[in-house]
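> Data: structure18.cif, mmCIF, C-alpha atoms and all ligand atoms.
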```cif
data_protein
#
loop_
_atom_site.label_atom_id
_atom_site.label_comp_id
_atom_site.auth_asym_id
_atom_site.auth_seq_id
_atom_site.Cartn_x
_atom_site.Cartn_y
_atom_site.Cartn_z
CA MET A 95 10.82 81.87 122.70
CA LYS A 96 8.93 80.76 119.62
CA LEU A 97 6.27 83.24 118.72
CA ARG A 98 4.49 84.38 115.66
CA TRP A 99 3.02 87.81 115.17
CA SER A 100 -0.48 86.40 115.44
CA ASP A 101 0.43 85.23 118.96
CA VAL A 102 1.82 88.55 120.06
CA THR A 103 -0.19 91.19 118.22
CA PRO A 104 -2.70 92.88 120.46
CA ARG A 105 -6.20 92.20 119.21
CA PRO A 106 -7.07 95.76 118.13
CA ALA A 107 -4.02 95.92 115.88
CA TYR A 108 -4.90 92.58 114.37
CA LEU A 109 -8.47 93.68 113.69
CA GLY A 110 -7.10 96.89 112.27
CA ARG A 111 -5.06 94.95 109.81
CA ARG A 112 -7.97 92.72 108.84
CA ALA A 113 -10.12 95.76 108.26
CA PHE A 114 -7.36 97.33 106.21
CA MET A 115 -7.02 94.28 104.03
CA ALA A 116 -10.73 93.82 103.62
CA ALA A 117 -10.84 97.33 102.21
CA GLY A 118 -8.41 96.41 99.49
CA ALA A 119 -8.53 94.03 96.58
CA ALA A 120 -7.17 91.34 98.87
CA MET A 121 -10.58 90.65 100.39
CA LEU A 122 -10.79 86.92 99.82
CA ALA A 123 -7.08 86.50 99.89
CA ALA A 124 -6.56 87.37 103.53
CA PRO A 125 -6.02 83.84 104.74
CA ALA A 126 -5.07 82.61 101.29
CA PHE A 127 -2.02 84.83 100.81
CA GLY A 128 -0.42 81.67 102.00
CA LEU A 129 2.83 83.12 103.22
CA GLN A 130 3.52 81.64 106.58
CA GLY A 131 6.90 81.84 108.10
CA ARG A 132 8.13 79.30 110.57
CA PRO A 133 8.49 80.83 114.02
CA SER A 134 12.05 81.66 114.97
CA PRO A 135 13.86 81.70 118.30
CA HIS A 136 15.40 84.98 117.09
CA SER A 137 12.04 86.77 117.28
CA THR A 138 11.31 89.33 119.97
CA ASP A 139 8.03 89.28 121.89
CA GLU A 140 7.90 93.08 122.09
CA ALA A 141 4.67 94.71 120.97
CA LEU A 142 4.51 94.86 117.19
CA ASN A 143 3.95 97.95 115.15
CA SER A 144 0.78 97.75 113.12
CA PHE A 145 0.77 96.94 109.41
CA GLU A 146 -0.45 100.49 108.83
CA GLU A 147 2.51 101.99 110.71
CA ILE A 148 5.06 99.75 109.05
CA THR A 149 3.77 100.58 105.57
CA ASN A 150 3.08 104.29 105.95
CA TYR A 151 6.14 105.60 107.77
CA ASN A 152 9.12 104.69 105.62
CA ASN A 153 12.52 105.73 104.40
CA PHE A 154 13.01 104.90 100.74
CA TYR A 155 14.66 107.85 99.06
CA GLU A 156 14.12 106.37 95.62
CA PHE A 157 10.54 107.58 96.11
CA GLY A 158 11.17 110.85 97.93
CA PHE A 159 12.36 112.31 101.24
CA GLY A 160 9.12 112.31 103.15
CA LYS A 161 8.06 109.45 105.40
CA GLU A 162 4.78 109.20 103.46
CA ASP A 163 6.35 109.41 100.00
CA PRO A 164 7.15 105.68 99.67
CA ALA A 165 3.56 104.69 100.51
CA ARG A 166 2.34 107.24 98.00
CA HIS A 167 4.68 106.49 95.11
CA ALA A 168 6.19 103.01 95.41
CA HIS A 169 3.20 101.36 93.71
CA ALA A 170 4.82 102.53 90.45
CA LEU A 171 7.59 99.97 90.88
CA THR A 172 7.36 96.79 88.79
CA THR A 173 8.59 93.96 91.01
CA ASP A 174 7.83 91.02 88.73
CA PRO A 175 9.86 89.92 86.85
CA TRP A 176 12.81 90.49 89.17
CA SER A 177 16.23 88.97 89.37
CA VAL A 178 19.24 89.37 91.57
CA GLU A 179 22.66 89.25 89.98
CA ILE A 180 25.20 87.55 92.23
CA ASP A 181 28.73 88.20 91.07
CA GLY A 182 32.31 88.81 92.13
CA LEU A 183 34.08 86.17 94.19
CA VAL A 184 31.53 83.36 93.84
CA GLU A 185 31.62 79.89 92.29
CA ARG A 186 28.32 80.28 90.44
CA PRO A 187 27.86 83.86 89.34
CA GLY A 188 24.63 84.67 87.56
CA SER A 189 21.07 85.75 87.74
CA TYR A 190 19.00 84.38 90.60
CA GLY A 191 15.23 84.59 90.99
CA VAL A 192 13.62 85.72 94.23
CA GLU A 193 12.17 82.22 94.62
CA ASP A 194 15.67 80.69 94.21
CA LEU A 195 17.08 82.83 96.98
CA ALA A 196 14.11 82.78 99.33
CA PRO A 197 11.86 79.80 98.55
CA GLU A 198 8.39 80.24 100.02
CA ASN A 199 8.56 76.97 101.90
CA ALA A 200 11.76 78.06 103.63
CA LEU A 201 10.45 81.38 104.94
CA GLU A 202 10.87 82.11 108.61
CA GLU A 203 9.11 84.81 110.55
CA ARG A 204 11.64 87.09 112.20
CA ILE A 205 10.12 89.65 114.53
CA TYR A 206 12.89 92.22 114.82
CA ARG A 207 13.40 95.68 116.22
CA LEU A 208 14.33 98.21 113.52
CA ARG A 209 16.30 101.23 114.78
CA CYS A 210 16.73 104.09 112.31
CA VAL A 211 19.78 106.32 112.68
CA GLU A 212 17.26 109.18 112.96
CA ALA A 213 16.34 107.80 116.42
CA TRP A 214 12.94 106.28 115.77
CA SER A 215 12.19 102.58 115.92
CA MET A 216 9.61 99.92 115.16
CA VAL A 217 9.04 96.20 115.70
CA ILE A 218 8.37 94.39 112.43
CA PRO A 219 7.36 90.77 111.70
CA TRP A 220 9.49 90.06 108.63
CA LEU A 221 9.32 86.95 106.48
CA GLY A 222 12.65 85.87 105.13
CA VAL A 223 15.57 83.50 105.00
CA PRO A 224 19.11 83.75 106.33
CA LEU A 225 21.30 85.56 103.81
CA SER A 226 23.96 82.90 104.47
CA GLY A 227 21.89 80.28 102.62
CA ALA A 228 21.53 82.47 99.54
CA LEU A 229 25.27 83.16 99.51
CA GLU A 230 26.02 79.46 99.86
CA ARG A 231 23.84 78.79 96.81
CA ALA A 232 26.15 81.03 94.82
CA GLY A 233 29.22 79.56 96.53
CA VAL A 234 31.46 82.05 98.29
CA ARG A 235 35.05 81.82 97.07
CA SER A 236 38.00 82.08 99.38
CA GLY A 237 39.31 85.59 99.24
CA ALA A 238 35.87 87.15 99.62
CA LYS A 239 35.84 89.44 102.66
CA PHE A 240 32.88 91.75 102.08
CA VAL A 241 29.46 91.73 100.45
CA ARG A 242 28.22 94.69 98.45
CA PHE A 243 24.51 95.19 97.77
CA GLU A 244 22.86 97.40 95.20
CA THR A 245 19.26 98.59 94.80
CA LEU A 246 17.47 98.82 91.46
CA TYR A 247 18.15 101.94 89.40
CA ARG A 248 15.02 102.69 87.36
CA PRO A 249 14.23 106.41 87.40
CA ALA A 250 11.14 105.91 85.23
CA GLU A 251 9.51 104.14 88.16
CA MET A 252 11.48 105.56 91.06
CA ARG A 253 10.74 109.24 90.98
CA GLY A 254 13.20 110.18 93.74
CA GLN A 255 16.03 109.01 91.48
CA ASN A 256 15.27 111.88 89.09
CA ALA A 257 15.39 114.32 91.97
CA ARG A 258 18.88 113.02 92.84
CA LEU A 259 18.16 113.03 96.53
CA LEU A 260 21.10 110.68 96.93
CA ALA A 261 23.75 109.19 94.64
CA PHE A 262 21.78 106.31 93.13
CA PRO A 263 21.81 103.38 92.86
CA TYR A 264 21.71 102.96 96.62
CA VAL A 265 24.63 100.82 97.79
CA GLU A 266 25.30 99.06 101.08
CA GLY A 267 27.86 96.63 102.38
CA LEU A 268 28.65 94.15 105.11
CA ARG A 269 31.72 92.31 106.22
CA LEU A 270 31.42 88.64 105.15
CA ASP A 271 31.05 87.41 108.75
CA GLU A 272 28.24 89.93 109.34
CA ALA A 273 26.56 88.77 106.14
CA MET A 274 26.81 85.10 107.21
CA HIS A 275 25.50 85.79 110.71
CA PRO A 276 22.22 83.93 111.42
CA LEU A 277 20.40 87.18 112.31
CA THR A 278 21.05 88.66 108.85
CA ILE A 279 18.17 87.92 106.51
CA LEU A 280 16.87 88.51 103.03
CA ALA A 281 13.23 89.42 103.58
CA THR A 282 10.47 88.94 101.02
CA GLY A 283 7.45 89.74 103.15
CA LEU A 284 5.97 90.97 106.39
CA TYR A 285 2.80 90.19 108.34
CA ASP A 286 2.35 87.02 106.25
CA GLN A 287 2.17 89.01 103.03
CA PRO A 288 4.52 89.60 100.13
CA MET A 289 6.79 92.57 100.79
CA PRO A 290 4.92 95.84 100.23
CA ASN A 291 6.70 97.97 97.64
CA GLN A 292 7.41 100.76 100.12
CA ASN A 293 9.25 98.30 102.37
CA GLY A 294 11.59 97.11 99.62
CA ALA A 295 9.77 94.62 97.40
CA PRO A 296 10.39 92.06 96.26
CA ILE A 297 13.53 91.32 98.28
CA ARG A 298 15.55 93.34 100.78
CA LEU A 299 18.21 92.95 103.39
CA VAL A 300 17.48 93.17 107.14
CA VAL A 301 20.37 93.50 109.61
CA PRO A 302 18.69 94.13 112.96
CA TRP A 303 21.69 95.20 115.07
CA LYS A 304 22.68 97.98 112.67
CA TYR A 305 21.03 101.30 111.91
CA GLY A 306 18.19 100.92 109.44
CA PHE A 307 20.02 102.41 106.49
CA LYS A 308 22.15 99.26 106.25
CA SER A 309 18.99 97.24 105.52
CA ILE A 310 18.96 97.98 101.79
CA LYS A 311 15.70 97.60 99.88
CA SER A 312 14.77 96.18 96.47
CA VAL A 313 18.11 94.49 95.90
CA VAL A 314 19.22 93.65 92.34
CA ARG A 315 22.92 92.92 92.81
CA ILE A 316 24.99 91.14 95.43
CA THR A 317 28.74 91.20 94.92
CA LEU A 318 31.31 89.24 96.89
CA THR A 319 34.51 91.21 97.07
CA ASP A 320 37.85 91.53 98.84
CA ARG A 321 37.43 95.30 99.28
CA GLN A 322 35.31 97.15 101.79
CA PRO A 323 32.42 98.64 99.80
CA VAL A 324 31.63 102.33 100.09
CA SER A 325 28.00 102.66 100.98
CA THR A 326 25.80 105.47 99.74
CA TRP A 327 25.39 107.19 103.11
CA GLU A 328 29.05 106.75 103.97
CA ALA A 329 30.06 108.39 100.69
CA LEU A 330 27.73 111.29 101.42
CA GLN A 331 28.92 111.90 104.98
CA PRO A 332 31.47 109.47 106.46
CA ARG A 333 31.54 111.25 109.81
CA GLU A 334 27.83 110.69 110.27
CA TYR A 335 27.18 107.32 108.64
CA GLY A 336 30.09 104.94 109.08
CA PHE A 337 30.45 101.63 107.30
CA TYR A 338 29.72 99.60 110.44
CA ALA A 339 26.72 101.60 111.66
CA ASN A 340 26.16 99.29 114.61
CA VAL A 341 23.44 100.64 116.87
CA ASN A 342 25.36 102.22 119.75
CA PRO A 343 23.72 104.45 122.36
CA GLN A 344 27.17 105.66 123.49
CA VAL A 345 28.24 107.08 120.16
CA ASP A 346 26.11 110.05 119.27
CA HIS A 347 25.42 111.16 115.76
CA PRO A 348 27.28 114.48 115.35
CA ARG A 349 23.92 116.25 115.24
CA TRP A 350 21.83 114.31 117.79
CA SER A 351 21.99 111.84 120.65
CA GLN A 352 21.62 108.12 120.00
CA ALA A 353 20.95 107.29 123.67
CA THR A 354 17.19 107.07 123.25
CA GLU A 355 14.67 106.41 120.51
CA ARG A 356 11.06 107.17 119.70
CA ARG A 357 9.07 103.97 119.25
CA ILE A 358 6.61 104.70 116.47
CA GLY A 359 3.04 104.29 117.63
CA ALA A 360 3.93 104.41 121.31
CA GLY A 361 2.34 107.83 121.69
CA LEU A 362 3.44 111.36 121.09
CA PHE A 363 4.62 111.98 124.66
CA GLY A 364 5.31 108.59 126.18
CA GLY A 365 7.18 107.01 123.31
CA ARG A 366 10.87 107.55 124.17
CA GLN A 367 12.89 104.63 125.42
CA ASP A 368 16.54 103.79 125.92
CA THR A 369 18.38 102.39 122.94
CA PRO A 370 20.26 99.19 123.82
CA MET A 371 23.75 98.42 122.52
CA PHE A 372 23.58 96.57 119.20
CA ASN A 373 19.84 97.27 119.28
CA GLY A 374 19.49 94.53 121.88
CA TYR A 375 21.26 91.85 119.85
CA GLY A 376 24.60 92.11 121.65
CA ASP A 377 24.53 88.55 123.02
CA GLN A 378 24.52 87.28 119.46
CA VAL A 379 26.75 89.78 117.68
CA ALA A 380 29.17 91.48 120.09
CA ALA A 381 31.81 88.82 119.41
CA LEU A 382 32.00 89.96 115.78
CA TYR A 383 33.61 93.18 117.00
CA SER A 384 35.89 92.02 119.79
CA GLY A 385 39.04 94.10 119.82
CA MET A 386 37.51 96.82 117.66
CA ASP A 387 37.10 100.37 118.93
CA LEU A 388 33.40 100.89 118.33
CA ALA A 389 33.69 104.62 118.91
CA LYS A 390 36.11 104.81 116.01
CA HIS A 391 34.56 102.21 113.74
CA TYR A 392 30.96 103.42 113.92
N1 LIG A 401 17.27 101.37 98.64
C1 LIG A 401 17.03 101.91 99.82
N2 LIG A 401 17.07 101.16 100.92
C2 LIG A 401 16.80 101.69 102.14
C3 LIG A 401 16.56 103.08 102.27
C4 LIG A 401 16.53 103.87 101.08
O1 LIG A 401 16.30 105.09 101.10
N3 LIG A 401 16.76 103.26 99.88
N4 LIG A 401 16.34 103.62 103.52
C5 LIG A 401 16.92 102.88 104.66
C6 LIG A 401 16.52 103.42 105.94
S1 LIG A 401 17.22 104.89 106.40
C7 LIG A 401 15.72 102.73 106.80
S2 LIG A 401 15.42 103.29 108.37
C8 LIG A 401 15.02 101.49 106.37
C9 LIG A 401 13.53 101.64 106.57
O2 LIG A 401 12.86 100.44 106.28
P1 LIG A 401 11.28 100.42 106.31
O3 LIG A 401 10.76 101.59 105.56
O4 LIG A 401 10.88 99.10 105.73
O5 LIG A 401 10.88 100.49 107.78
O6 LIG A 401 15.28 101.17 105.02
C10 LIG A 401 16.62 101.39 104.59
N5 LIG A 401 16.81 100.88 103.25
MO MO A 402 16.97 105.07 108.64
#
```
Please render this file's structure as structure tokens.


Amino acid sequence: MKLRWSDVTPRPAYLGRRAFMAAGAAMLAAPAFGLQGRPSPHSTDEALNSFEEITNYNNFYEFGFGKEDPARHAHALTTDPWSVEIDGLVERPGSYGVEDLAPENALEERIYRLRCVEAWSMVIPWLGVPLSGALERAGVRSGAKFVRFETLYRPAEMRGQNARLLAFPYVEGLRLDEAMHPLTILATGLYDQPMPNQNGAPIRLVVPWKYGFKSIKSVVRITLTDRQPVSTWEALQPREYGFYANVNPQVDHPRWSQATERRIGAGLFGGRQDTPMFNGYGDQVAALYSGMDLAKHY
């Protein structure tokens, strides 16, 4: 299956997006934004969420709790200049530019399901590159077993950081084999456009078989390490947000079921659907966890 969003987006949604863009400063730039990802066999052909949905219903606690807060406040974030520090167990530690890690001419379109631990979901046409390539640029040293990611800490521009809604900076982590898996990407855009601030500009992680909170936004540091990182949500409540956080309909969150999800935009009453194991990516990723008790390591 090799599809691009323009092949699979229903016409009304596409027109909706054009109208949306025409309303903004981007008028002439619509075709000229120039970001075009190569189609990927990893893309789903499920119906896409609209650009409006993807950019107006967000979790990004650096800008507040509410789903509309990121759209309202993330414009305050300066995303250029930006650099990502890669350190720890690497051959070439240092400061990497977004363009070094995810060159425009290498971008792929990855249409992925996103399943939030809160039991809602979307389908998003990301633009990005495999994280593995970026890590290879820095040269992973033997002994590295995990990758730790950190989001920008800049309370002057990220108003939720002053409110201390979480222990900032936001931190996430992956096992090295999860980080090197071909489905794991660094995304720099969506719908053929540079990443909107509320979705984690200018560069964020996307790990489609895990709950959304693993897909850390606005990354400024990537550290290769021999120790399992403690992620922000895990530190807050380890019984609710484990390190692995693989989507698993059989392991309920202590406060709600994970068996089903509400697909955003699918309608107020008809929108619930079953959640598949590993968010539907089991064929590709189940082998990473063979022999592990997924009810214990959630
Ligand atoms: N830095 C940072 N990254 C974050 C979050 C956050 O609050 N801060 N929220 C996470 C959660 S809970 C989800 S569901 C996804 C949402 O991504 P989206 O808003 O692009 O759909 O981002 C994740 N990445
Ligand atoms: Mo989430």

> I'd like the interatomic distance between atom CA of Phe372 of chain A and atom CA of Met216 of chain A, to a tenth of an Å.

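Going from atom CA of Phe372 of chain A over to atom CA of Met216 of chain A covers 14.9 Å.
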
> I need the residue nearest ligand MO 402 (chain A) from this list: A:Met386, A:Val234, A:Ile310, A:Val102. Use only C-alpha atoms and all ligand atoms for the distance.

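Looking only at the distances to ligand MO 402 (chain A), the closest residue turns out to be A:Ile310.
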
> Let me have all residues with an atom within 7 Å of ligand LIG 401 (chain A), counting all atoms listed in the file, laid out as a list in words.

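Listed by chain and ascending number, the contacts are Ile148, Tyr151, Asn152, Asn153, Phe154, Tyr155, Glu156, Arg209, Cys210, Val211, Thr245, Tyr264, Gln292, Asn293, Gly294, Tyr305, Gly306, Phe307, Lys308, Ser309, Ile310, Lys311 and Ser312 of chain A.
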
> Which is closest to Leu195 of chain A among A:Gly283, A:Pro370, A:Pro224, A:Gly131, if we use only C-alpha atoms?

A:Pro224

> Between atom CA of Pro175 of chain A and atom CA of Tyr247 of chain A, what is the distance in Å, rounded to a tenth?

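Atom CA of Tyr247 of chain A lies at a distance of 14.8 Å from atom CA of Pro175 of chain A.
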
> I'd like to know which of A:Leu382, A:Ala238, A:Ala261, A:Ala281 is closest to Gln322 of chain A, using all atoms listed in the file.

A:Ala238

> Neighbours of Ile205 of chain A within 7 Å (all atoms listed in the file; same-chain residues fewer than 5 positions away dropped), as a list in words?

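Contacts, with the query itself left out: Ser137, Thr138, Val217, Ile218, Pro219 and Trp220 of chain A.
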
> Rank nothing, just name the residue among A:Leu208, A:Ala141, A:Val300, A:Met371 nearest to ligand MO 402 (chain A), using all atoms listed in the file.

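Going through A:Leu208, A:Ala141, A:Val300, A:Met371 one by one, the smallest distance to ligand MO 402 (chain A) is for A:Leu208.
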
> Neighbours of segment 265-269 of chain A within 12 Å (only C-alpha atoms; same-chain residues fewer than 4 positions away dropped), as a PyMOL selection string?

chain A and resi 225+238-247+260-261+273-275+278+298-301+304-330+335-340+382-383

> Would you mind telling me which residue in A:Gly376, A:Pro343, A:Ala213, A:Arg356 lies nearest to ligand MO 402 (chain A) when using all atoms listed in the file?

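Selected residue with least distance to ligand MO 402 (chain A): A:Ala213.
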
> Skip Arg186 of chain A itself and residues of its chain fewer than 5 positions away, then list as a ChimeraX atom specification all residues within 8 Å of it, counting all atoms listed in the file.

/A:181,231-233

> Could you turn the residues from that selection into a file that holds C-alpha atoms, as a PDB file, keeping the file's coordinate frame?


```pdb
ATOM      1  CA  ASP A 181      28.730  88.200  91.070  1.00  0.00           C
ATOM      2  CA  ARG A 231      23.840  78.790  96.810  1.00  0.00           C
ATOM      3  CA  ALA A 232      26.150  81.030  94.820  1.00  0.00           C
ATOM      4  CA  GLY A 233      29.220  79.560  96.530  1.00  0.00           C
TER       5      GLY A 233
END
```

> Take atom CA of Gln331 of chain A and atom CA of Trp303 of chain A and report the distance between them in Å, one decimal.

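We find that atom CA of Gln331 of chain A and atom CA of Trp303 of chain A lie 20.8 Å from each other.
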
> Of the residues A:Gln255, A:Ser215, A:Asn199, A:Ser226, which is the one nearest to Leu270 of chain A, using only C-alpha atoms?

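Nearest candidate to Leu270 of chain A out of A:Gln255, A:Ser215, A:Asn199, A:Ser226: A:Ser226.
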
> Please determine an axis-aligned box that encloses all atoms of segment 234-248 of chain A listed in the file, with 4 Å added on each side, and express its centre and edge lengths in Å to one decimal as JSON.


```
{"center_x": 27.2, "center_y": 92.3, "center_z": 95.0, "size_x": 32.3, "size_y": 28.9, "size_z": 23.3}
```

> Would you list the contacts of Gly158 of chain A as a list of chain:residue names, taking every protein, DNA or RNA residue within 9 Å and counting all atoms listed in the file, but skipping same-chain residues closer than 6 positions in sequence?

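Close residues of Gly158 of chain A: A:Pro164, A:His167, A:Met252, A:Arg253, A:Gly254, A:Gln255, A:Ala257, A:Leu259.
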